[in-house]
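Data from target08.txt: compact mmCIF, C-alpha atoms
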# COMPACT_ATOMS: atom_id res chain seq x y z
CA MET A 52 -63.39 26.16 10.44
CA LEU A 53 -60.77 27.97 8.32
CA PHE A 54 -57.10 28.23 9.19
CA SER A 55 -55.23 31.00 7.46
CA PRO A 56 -52.80 32.59 7.62
CA TYR A 57 -50.16 30.46 9.28
CA ILE A 58 -48.13 32.03 12.08
CA ILE A 59 -44.34 32.14 12.48
CA GLN A 60 -42.19 34.25 14.82
CA LYS A 61 -39.58 36.98 14.52
CA LEU A 62 -36.45 37.02 16.68
CA ASP A 63 -38.19 39.41 19.13
CA GLY A 64 -41.02 36.88 19.59
CA SER A 65 -43.63 38.84 17.65
CA SER A 66 -46.01 36.91 15.42
CA VAL A 67 -45.80 37.09 11.65
CA PRO A 68 -48.76 35.89 9.58
CA VAL A 69 -47.76 34.03 6.42
CA ASN A 70 -49.60 32.30 3.60
CA ILE A 71 -48.62 29.00 2.02
CA ILE A 72 -49.53 28.96 -1.65
CA PRO A 73 -48.54 27.01 -4.77
CA THR A 74 -45.09 27.98 -6.01
CA THR A 75 -44.56 30.11 -9.06
CA SER A 76 -41.63 30.08 -11.48
CA ASP A 77 -40.46 33.31 -9.79
CA ASP A 78 -40.35 31.53 -6.41
CA ILE A 79 -38.18 28.76 -7.85
CA ALA A 80 -35.96 31.29 -9.66
CA ALA A 81 -35.41 33.12 -6.36
CA THR A 82 -33.67 30.01 -4.97
CA HIS A 83 -30.87 30.48 -7.51
CA GLY A 84 -30.05 34.00 -6.37
CA ASN A 85 -27.51 35.09 -3.81
CA PRO A 86 -27.48 33.79 -1.16
CA HIS A 87 -28.10 30.41 -2.78
CA TRP A 88 -30.61 27.96 -1.32
CA GLN A 89 -29.45 24.43 -0.44
CA THR A 90 -32.00 22.48 -2.48
CA ASP A 91 -32.20 22.35 -6.27
CA TRP A 92 -35.91 23.13 -6.56
CA ASP A 93 -35.66 22.57 -10.36
CA SER A 94 -34.36 19.00 -10.01
CA ALA A 95 -36.02 16.16 -11.88
CA TYR A 96 -36.99 14.64 -8.51
CA LEU A 97 -38.88 17.75 -7.39
CA SER A 98 -40.24 18.43 -10.89
CA ASN A 99 -42.16 15.14 -10.87
CA PRO A 100 -45.82 16.03 -11.57
CA LYS A 101 -46.87 14.02 -8.49
CA VAL A 102 -44.87 16.41 -6.27
CA GLU A 103 -46.67 19.58 -5.25
CA LYS A 104 -44.51 22.54 -4.26
CA TYR A 105 -45.67 25.39 -2.05
CA ALA A 106 -44.18 28.75 -1.06
CA MET A 107 -44.47 30.34 2.36
CA LYS A 108 -44.68 34.10 2.04
CA THR A 109 -45.32 37.02 4.34
CA LEU A 110 -48.50 38.94 3.60
CA ASP A 111 -46.38 41.50 1.71
CA GLY A 112 -44.87 38.78 -0.52
CA GLU A 113 -41.46 38.05 1.08
CA LEU A 114 -40.45 34.44 0.29
CA ILE A 115 -39.77 32.68 3.61
CA ALA A 116 -39.63 28.99 2.67
CA LEU A 117 -40.55 26.27 0.20
CA GLY A 118 -42.04 22.86 0.81
CA ALA A 119 -42.60 19.81 -1.42
CA TYR A 120 -45.42 17.35 -0.69
CA GLN A 121 -46.57 14.10 -2.25
CA ILE A 122 -49.57 11.88 -1.56
CA ALA A 123 -48.25 8.40 -0.86
CA GLY A 124 -49.45 4.86 -0.30
CA ARG A 125 -52.88 5.03 -1.99
CA LYS A 126 -53.78 8.14 -0.01
CA ALA A 127 -52.47 6.64 3.22
CA TYR A 128 -50.38 9.71 4.13
CA VAL A 129 -48.63 12.78 2.76
CA TYR A 130 -44.88 12.51 2.40
CA ILE A 131 -43.07 15.80 2.99
CA LEU A 132 -40.13 15.48 0.61
CA TYR A 133 -38.45 18.78 1.40
CA ALA A 134 -39.01 21.78 3.62
CA GLU A 135 -36.44 24.54 3.36
CA SER A 136 -36.21 27.99 4.89
CA ALA A 137 -34.87 30.92 2.91
CA PRO A 138 -31.18 31.53 3.61
CA HIS A 139 -31.93 34.42 6.03
CA SER A 140 -33.67 31.95 8.36
CA ASN A 141 -31.79 28.73 7.65
CA PRO A 142 -29.31 27.83 10.41
CA THR A 143 -27.74 25.03 8.35
CA ILE A 144 -26.41 27.58 5.86
CA ASP A 145 -24.77 29.79 8.51
CA SER A 146 -25.07 28.66 12.12
CA LYS A 147 -23.59 31.96 13.39
CA GLN A 148 -26.21 34.09 11.61
CA LYS A 149 -29.27 35.02 13.65
CA ARG A 150 -32.39 33.75 11.95
CA LYS A 151 -34.91 36.32 10.80
CA TYR A 152 -37.88 34.00 11.42
CA TYR A 153 -38.61 30.97 13.64
CA GLY A 154 -41.25 28.25 13.50
CA ILE A 155 -40.99 27.84 9.74
CA GLY A 156 -40.50 24.06 9.74
CA ALA A 157 -43.39 23.53 12.13
CA ALA A 158 -45.67 25.67 9.97
CA LEU A 159 -44.65 23.71 6.84
CA ILE A 160 -45.40 20.44 8.64
CA ALA A 161 -48.74 21.88 9.86
CA PHE A 162 -49.49 22.75 6.23
CA GLY A 163 -48.59 19.15 5.29
CA ILE A 164 -51.15 17.95 7.83
CA LYS A 165 -53.79 20.23 6.28
CA PHE A 166 -52.76 19.03 2.81
CA SER A 167 -53.15 15.46 4.07
CA ILE A 168 -56.64 16.17 5.42
CA ASP A 169 -57.68 17.97 2.23
CA ASN A 170 -56.56 14.96 0.17
CA GLY A 171 -58.29 12.26 2.21
CA CYS A 172 -55.20 11.09 4.13
CA ARG A 173 -56.63 11.77 7.64
CA GLY A 174 -53.92 14.29 8.50
CA ASP A 175 -51.10 11.74 8.56
CA VAL A 176 -47.69 12.99 7.42
CA VAL A 177 -44.26 11.37 7.06
CA PHE A 178 -40.97 13.27 6.89
CA GLU A 179 -37.27 12.75 7.46
CA ALA A 180 -34.77 14.47 9.72
CA LYS A 181 -31.74 15.93 7.94
CA THR A 182 -29.74 16.02 11.19
CA ASP A 183 -29.70 14.32 14.59
CA GLU A 184 -30.68 17.65 16.16
CA LEU A 185 -33.79 17.81 13.98
CA ALA A 186 -34.63 14.19 14.83
CA LYS A 187 -34.50 15.05 18.54
CA HIS A 188 -36.59 18.19 17.93
CA TYR A 189 -39.27 16.27 16.00
CA ALA A 190 -39.51 13.57 18.66
CA GLU A 191 -39.45 15.84 21.72
CA ASP A 192 -41.26 18.97 20.56
CA PHE A 193 -43.74 17.57 18.02
CA HIS A 194 -44.15 14.09 19.54
CA ALA A 195 -43.45 12.62 16.10
CA ARG A 196 -42.91 8.88 16.13
CA GLN A 197 -39.86 7.40 14.49
CA ILE A 198 -40.73 4.80 11.85
CA PRO A 199 -38.47 2.57 9.74
CA SER A 200 -36.42 4.34 7.10
CA ALA A 201 -37.33 3.80 3.46
CA SER A 202 -33.87 2.32 2.90
CA PHE A 203 -31.32 0.60 5.12
CA GLY A 204 -29.11 3.23 6.72
CA GLY A 205 -31.30 6.02 5.38
CA PRO A 206 -32.23 9.17 7.27
CA LYS A 207 -34.35 8.99 10.40
CA ARG A 208 -37.98 8.94 9.35
CA PHE A 209 -40.93 10.23 11.39
CA MET A 210 -44.70 10.15 11.29
CA LEU A 211 -47.24 12.50 12.80
CA ALA A 212 -50.78 11.16 13.06
CA ASP A 213 -53.90 11.37 15.17
CA GLU A 214 -53.76 13.62 18.26
CA ASP A 215 -50.10 14.54 17.76
CA ALA A 216 -50.82 15.76 14.23
CA TRP A 217 -53.84 17.72 15.46
CA TYR A 218 -51.77 19.29 18.26
CA LEU A 219 -49.14 20.61 15.84
CA PHE A 220 -51.78 21.62 13.30
CA SER A 221 -53.73 23.67 15.84
CA LYS A 222 -50.63 25.16 17.50
CA TYR A 223 -49.17 26.70 14.36
CA LEU A 224 -52.31 27.97 12.68
CA LYS A 225 -54.43 30.95 13.50
CA GLU A 226 -58.14 30.19 13.48
CA GLU A 227 -60.32 32.65 11.61
CA THR A 228 -63.81 33.21 12.98
Once you've parsed the file, please lay out its structure as structure tokens.
Amino acid sequence: MLFSPYIIQKLDGSSVPVNIIPTTSDDIAATHGNPHWQTDWDSAYLSNPKVEKYAMKTLDGELIALGAYQIAGRKAYVYILYAESAPHSNPTIDSKQKRKYYGIGAALIAFGIKFSIDNGCRGDVVFEAKTDELAKHYAEDFHARQIPSASFGGPKRFMLADEDAWYLFSKYLKEET
């Protein structure tokens, strides 16, 4: 069973197929343009060779988002280090601006689940919520389970595994026959 492309939504509710592919230097360079992205995708942390970065693009090549993934714990799970929407769809950059696309974060997490499966981690993923609103969203809408933070007082950390991971995975991917 193949799952590609991933599906996100436009403001009018129409579906937009996107691909998630390894990043290129042009993708990273685009994050330095105007408007500026929040994350420094060239940082030493994200440039670690154990971190794999992927770009979400429309079928015509528009850069929608970037995600960074790392296999953790002796292939126990995939840690999603960062997932960031392009400024035109990122409500944390400008909360008054209407987003161009929706469902980006869910599709990046669904990709993380696929990445986990492909790397022998059973589809288990771990990620952190940047805000309390995201934490509530992950728990209520994705059924992600809160787990202890990596450090005392750190961000709220979540895990998706088993049926909950499969539910998100299957919801945000289009099955090809």
Practice task
Determine, counting all atoms listed in the file, which protein, DNA and RNA residues have an atom within 7 Å of an atom of region 211-215 of chain A; residues of the same chain fewer than 2 positions away are not included. Present the result as a PyMOL selection string.
Solution key: chain A and resi 174-177+194-196+209+217-219
Handout entry: Contact residues around region 128-140 of chain A with only C-alpha atoms at 7 Å, ignoring same-chain residues under 3 positions, as an MDAnalysis selection string
Key = chainID A and resid 86 88 115:124 144 150:152 155:156 159 163 167 172 175:178
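Of note, CA of Tyr57 (chain A) and CA of Val69 (chain A) are spaced 5.2 Å apart.
If you measure from each of A:Thr109, A:Gln197, A:Gln148, A:Gln89 to Pro56 (chain A) using all atoms listed in the file, the closest one turns out to be A:Thr109.
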Listed atoms of region 70-73 of chain A, axis-aligned box, 6 Å per side: centre and edge lengths to one decimal in Å, as JSON?
{"center_x": -49.1, "center_y": 29.7, "center_z": -0.6, "size_x": 13.1, "size_y": 17.3, "size_z": 20.4}
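Of the listed residues A:Asp183, A:Gly154, A:Asp169, A:Asp192, the one whose atoms come nearest to Val67 (chain A) is A:Gly154, with distances taken using all atoms listed in the file.
Residue nearest Asn70 (chain A), chosen from A:Ile168, A:Met107, A:Ala180, A:Ala158 and counting only C-alpha atoms: A:Met107.
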Can I get region 93-108 of chain A with N, CA and C atoms filled in, as a PDB file, keeping the file's coordinate frame?
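This went into out.pdb:
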ATOM      1  N   ASP A  93     -35.387  22.897  -8.950  1.00  0.00           N
ATOM      2  CA  ASP A  93     -35.660  22.570 -10.360  1.00  0.00           C
ATOM      3  C   ASP A  93     -35.287  21.137 -10.696  1.00  0.00           C
ATOM      4  N   SER A  94     -34.825  20.366  -9.731  1.00  0.00           N
ATOM      5  CA  SER A  94     -34.360  19.000 -10.010  1.00  0.00           C
ATOM      6  C   SER A  94     -35.457  18.143 -10.608  1.00  0.00           C
ATOM      7  N   ALA A  95     -35.047  17.092 -11.299  1.00  0.00           N
ATOM      8  CA  ALA A  95     -36.020  16.160 -11.880  1.00  0.00           C
ATOM      9  C   ALA A  95     -36.872  15.532 -10.784  1.00  0.00           C
ATOM     10  N   TYR A  96     -36.273  15.246  -9.642  1.00  0.00           N
ATOM     11  CA  TYR A  96     -36.990  14.640  -8.510  1.00  0.00           C
ATOM     12  C   TYR A  96     -38.137  15.537  -8.049  1.00  0.00           C
ATOM     13  N   LEU A  97     -37.857  16.826  -7.863  1.00  0.00           N
ATOM     14  CA  LEU A  97     -38.880  17.750  -7.390  1.00  0.00           C
ATOM     15  C   LEU A  97     -39.786  18.258  -8.507  1.00  0.00           C
ATOM     16  N   SER A  98     -39.406  18.024  -9.752  1.00  0.00           N
ATOM     17  CA  SER A  98     -40.240  18.430 -10.890  1.00  0.00           C
ATOM     18  C   SER A  98     -41.240  17.356 -11.293  1.00  0.00           C
ATOM     19  N   ASN A  99     -41.199  16.214 -10.627  1.00  0.00           N
ATOM     20  CA  ASN A  99     -42.160  15.140 -10.870  1.00  0.00           C
ATOM     21  C   ASN A  99     -43.569  15.718 -10.721  1.00  0.00           C
ATOM     22  N   PRO A 100     -44.463  15.467 -11.674  1.00  0.00           N
ATOM     23  CA  PRO A 100     -45.820  16.030 -11.570  1.00  0.00           C
ATOM     24  C   PRO A 100     -46.612  15.560 -10.346  1.00  0.00           C
ATOM     25  N   LYS A 101     -46.184  14.481  -9.697  1.00  0.00           N
ATOM     26  CA  LYS A 101     -46.870  14.020  -8.490  1.00  0.00           C
ATOM     27  C   LYS A 101     -46.430  14.795  -7.247  1.00  0.00           C
ATOM     28  N   VAL A 102     -45.384  15.605  -7.375  1.00  0.00           N
ATOM     29  CA  VAL A 102     -44.870  16.410  -6.270  1.00  0.00           C
ATOM     30  C   VAL A 102     -45.487  17.810  -6.379  1.00  0.00           C
ATOM     31  N   GLU A 103     -46.084  18.238  -5.282  1.00  0.00           N
ATOM     32  CA  GLU A 103     -46.670  19.580  -5.250  1.00  0.00           C
ATOM     33  C   GLU A 103     -45.799  20.471  -4.383  1.00  0.00           C
ATOM     34  N   LYS A 104     -45.393  21.615  -4.960  1.00  0.00           N
ATOM     35  CA  LYS A 104     -44.510  22.540  -4.260  1.00  0.00           C
ATOM     36  C   LYS A 104     -45.290  23.786  -3.838  1.00  0.00           C
ATOM     37  N   TYR A 105     -44.986  24.230  -2.621  1.00  0.00           N
ATOM     38  CA  TYR A 105     -45.670  25.390  -2.050  1.00  0.00           C
ATOM     39  C   TYR A 105     -44.653  26.379  -1.501  1.00  0.00           C
ATOM     40  N   ALA A 106     -45.016  27.661  -1.569  1.00  0.00           N
ATOM     41  CA  ALA A 106     -44.180  28.750  -1.060  1.00  0.00           C
ATOM     42  C   ALA A 106     -44.833  29.352   0.170  1.00  0.00           C
ATOM     43  N   MET A 107     -44.017  29.599   1.179  1.00  0.00           N
ATOM     44  CA  MET A 107     -44.470  30.340   2.360  1.00  0.00           C
ATOM     45  C   MET A 107     -44.019  31.777   2.163  1.00  0.00           C
ATOM     46  N   LYS A 108     -44.984  32.690   2.236  1.00  0.00           N
ATOM     47  CA  LYS A 108     -44.680  34.100   2.040  1.00  0.00           C
ATOM     48  C   LYS A 108     -45.353  34.952   3.095  1.00  0.00           C
TER      49      LYS A 108
END
